[in-house]
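**Q** Mind looking over this structure? Questions follow.
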Amino acid sequence: MSESTEKKMVRLRSSDGEVFEVEESVAKVAKTLQDMLEEDCADAVIPITCVRAPILTKVIDYCKDQVMISSSSSTTNNPNERTEQERKAWGQKFMEGVDSSTLCELLVASNFLNIEGLLNLGVDKMVSMIQGKYPQEIRDMFNVVNDFTPEEEEEIRNQNAWAFERDPYYKKRSSSK
Amino acid sequence: MEDTSGDTVYPGEDGIGKLPEDVLLNILSLLPTREAVRTSLVAQQWRHLWKWVPSLDFDGDFMGKSKNVAEFIDRKLRGDSCTLRRFVLHVKNGADWKLEYPDGFTPHFVTWVETAMKLQTEILNLDVSGLPAFDVYDEIPSNKTIETLKLRLPMTSSLRFSSGFCRLTTLELGNVCFPPGKLPPDFFPNCRMLRYLELNAVSLCCSPLCISSSSLRFLTIANCDLKENEMKVSAPSLVSFKWHFSDVPKTCVFDRFSALAEAEVFWVEFLTEFLGEVEDNGVMSQMLEGVSAVKTLSLRSSRYKHWLGLPVKYPGFRSPMFNLIHLNMSLARCICEENVSSVMQLLQNCPVLQKLVIEIERWKSCWGKHSPPPEPLQSFTLGSLKEVEVKYYHGDESLRHWVRLLGSHLPFFSQMIVERTKLKR
């Protein structure tokens, strides 16, 4: 560690106006920001227009951790499967307790900022949430309004009737509740 | 902890509706196809999404009737602007398929594989072991996009490969038979990204099995009939090696796997028990030399002699295992005093061993009345050994004696667990 390498800071502004100051290495985890920084928009505050402060906090947490992981794995030159497993466990823990609306915002943010790892975590979480669910359950979970007319609904059902048959496993699961 | 209590969502303001379409498609592509199709009923925005999902996934007990599934796959693959990144089909119980396609399924299957290969698929995972046997004599053409290829065919069906799978990282083959020369010798060296390889019930007729790969990290060979084959494995990056077999190959050359962390060797025996002793042809010795850099080693056998007779007979078993930390031996039918000296000999070659687990199944004693109890061996110390665990089933007095004897040679471990469990049947 040499003292001369002064850490360069980057400022980010969330959609609701809060300003976050982070190290450049942390910001660069987001590909979108990396591109911007390489084009040299240095001192100005970078507006992240579609991401609210609580979400941005979470995103920054993720980026900080990625920086930590990559710096520690370069010292131990044995990045074998176990660390991959640990990473997986860490990802699950990171996503624990994230509710459906936060998850959607996180997905929008990681897609906009182009953070592949976070996007994948979010997608996996989303998949685990909607797996095995029927349309009405998905609507309830994400507050989606059913904008089909009964006729349309009938038409869609008939189009792929095989997909809408309730499977025996589903019945068992819902009756046990 | 950040405060997220302000995230009240008002009716009609669905977060999921704001997701970009490619993120939604990404999510749907990870769902079973049946569920992805079902989402068309969620809202107008979702109505046609499923048509663009770049995956086919039919897995699980209830994926739909065979006719629906086959038609759906046909329609999808015939589509003009079809993109397909992932294609998963698991038919393990094919009763319904056999009824629907009494004349066999070969043409369908071959077309699917061919089309998927053309569509720049990344993951192709077809387990059709439940279908009636068919011959796939078609050649699987080389492919530059596929990353994961898993094929489990019904019974033993033949296959040909051409080499040139340059992005392949995972290859799993089950119930596959390669007619002579149909697995080109340069196949594995040309898979430059290959990390996982599993061969399960793969037969090569008489051609040698040569696995040579500098990228390979995980290798599993199980239930492959290699009696008539020469086997050659050279994989300097190998981390994990699992080998389950019933017949040893004709000849065997293992390059020393210097990066190996874990190895599991399981000698399953079926009929030979009744046919008398199987002579080991030196293959085991070769294999043990190959894995001698390992950190965790599991040796399992349905007969004791395979492992415990070896140190005396073969120098390979005597080669030092300098890195071995954890040794797990699962033995059956341990007989006579040879055991103790064999285990001791093995342990003497493991200077950093910390944990030793011995599981003994179906103990059969030759001591007791007929032979005198064994003499203690010359003593040696194993300073690093901290934990010894002996688990046995159906033990008798002579086994207890054996365990005591073992204990007398291992004075420095802190913990010894001897567990007697009745075998549950």
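In the structure tokens, chains take letters A, B, ... by order of appearance, with residues numbered from 1 within each chain and ligands from 1 in the order shown.
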Need to verify the contact set: range 145-160 of chain A, 12 Å, only C-alpha atoms, exclusion of same-chain residues closer than 2 positions in sequence. Can you return it as a PyMOL selection string?
**A** (chain A and resi 135-143+162-165) or (chain B and resi 10-17+33-48+50-51+64+68-69+71-72)
**Q** For Asp65 in chain A, list every protein, DNA or RNA residue within 12 Å, evaluated using only C-alpha atoms, and leave out those in the same chain fewer than 2 positions away; present the list as an mmCIF file with N, CA and C atoms, in the first residue's frame.
**A**
```cif
data_model
loop_
_atom_site.group_PDB
_atom_site.id
_atom_site.type_symbol
_atom_site.label_atom_id
_atom_site.label_comp_id
_atom_site.auth_asym_id
_atom_site.auth_seq_id
_atom_site.Cartn_x
_atom_site.Cartn_y
_atom_site.Cartn_z
ATOM 1 N N SER A 25 -13.370 3.181 -7.852
ATOM 2 C CA SER A 25 -13.357 1.741 -8.124
ATOM 3 C C SER A 25 -14.728 1.132 -7.872
ATOM 4 N N VAL A 26 -15.434 1.671 -6.864
ATOM 5 C CA VAL A 26 -16.770 1.159 -6.558
ATOM 6 C C VAL A 26 -17.741 1.523 -7.671
ATOM 7 N N ALA A 27 -17.680 2.769 -8.119
ATOM 8 C CA ALA A 27 -18.578 3.220 -9.175
ATOM 9 C C ALA A 27 -18.335 2.453 -10.464
ATOM 10 N N VAL A 29 -17.784 -0.548 -10.948
ATOM 11 C CA VAL A 29 -18.430 -1.853 -11.048
ATOM 12 C C VAL A 29 -19.622 -1.749 -12.003
ATOM 13 N N LYS A 58 -28.501 0.420 -1.724
ATOM 14 C CA LYS A 58 -28.348 -1.036 -1.848
ATOM 15 C C LYS A 58 -27.394 -1.368 -3.007
ATOM 16 N N VAL A 59 -27.563 -0.649 -4.114
ATOM 17 C CA VAL A 59 -26.695 -0.888 -5.276
ATOM 18 C C VAL A 59 -25.242 -0.615 -4.902
ATOM 19 N N ILE A 60 -25.012 0.484 -4.177
ATOM 20 C CA ILE A 60 -23.643 0.841 -3.795
ATOM 21 C C ILE A 60 -23.062 -0.222 -2.859
ATOM 22 N N ASP A 61 -23.920 -0.731 -1.940
ATOM 23 C CA ASP A 61 -23.477 -1.823 -1.073
ATOM 24 C C ASP A 61 -22.943 -2.981 -1.902
ATOM 25 N N TYR A 62 -23.712 -3.309 -2.936
ATOM 26 C CA TYR A 62 -23.316 -4.421 -3.791
ATOM 27 C C TYR A 62 -21.967 -4.134 -4.456
ATOM 28 N N CYS A 63 -21.830 -2.941 -5.009
ATOM 29 C CA CYS A 63 -20.598 -2.603 -5.729
ATOM 30 C C CYS A 63 -19.390 -2.626 -4.793
ATOM 31 N N VAL A 67 -15.932 -4.938 -5.129
ATOM 32 C CA VAL A 67 -14.563 -4.420 -5.100
ATOM 33 C C VAL A 67 -13.756 -5.170 -4.052
ATOM 34 N N MET A 68 -14.398 -5.417 -2.888
ATOM 35 C CA MET A 68 -13.714 -6.116 -1.811
ATOM 36 C C MET A 68 -13.347 -7.537 -2.237
ATOM 37 N N ILE A 69 -14.310 -8.226 -2.873
ATOM 38 C CA ILE A 69 -14.068 -9.602 -3.307
ATOM 39 C C ILE A 69 -12.911 -9.653 -4.294
ATOM 40 N N SER A 70 -12.939 -8.749 -5.282
ATOM 41 C CA SER A 70 -11.915 -8.848 -6.327
ATOM 42 C C SER A 70 -10.530 -8.504 -5.774
ATOM 43 N N SER A 71 -10.475 -7.626 -4.760
ATOM 44 C CA SER A 71 -9.158 -7.295 -4.218
ATOM 45 C C SER A 71 -8.635 -8.407 -3.314
ATOM 46 N N SER A 72 -9.551 -9.125 -2.625
ATOM 47 C CA SER A 72 -9.081 -10.184 -1.734
ATOM 48 C C SER A 72 -8.741 -11.450 -2.510
ATOM 49 N N ARG A 87 -19.832 -17.092 -2.679
ATOM 50 C CA ARG A 87 -20.392 -15.948 -3.384
ATOM 51 C C ARG A 87 -21.901 -16.106 -3.564
ATOM 52 N N TRP A 90 -23.559 -15.542 -0.369
ATOM 53 C CA TRP A 90 -23.567 -14.115 -0.094
ATOM 54 C C TRP A 90 -24.683 -13.437 -0.892
ATOM 55 N N GLY A 91 -24.810 -13.822 -2.153
ATOM 56 C CA GLY A 91 -25.841 -13.245 -3.020
ATOM 57 C C GLY A 91 -27.233 -13.487 -2.463
ATOM 58 N N PHE A 94 -27.752 -11.285 0.419
ATOM 59 C CA PHE A 94 -27.939 -9.896 -0.026
ATOM 60 C C PHE A 94 -29.381 -9.658 -0.455
ATOM 61 N N GLY A 117 -23.779 -8.739 -12.485
ATOM 62 C CA GLY A 117 -23.915 -9.621 -11.326
ATOM 63 C C GLY A 117 -25.170 -9.337 -10.523
ATOM 64 N N LEU A 118 -25.436 -8.068 -10.298
ATOM 65 C CA LEU A 118 -26.614 -7.682 -9.521
ATOM 66 C C LEU A 118 -27.895 -7.994 -10.297
#
```
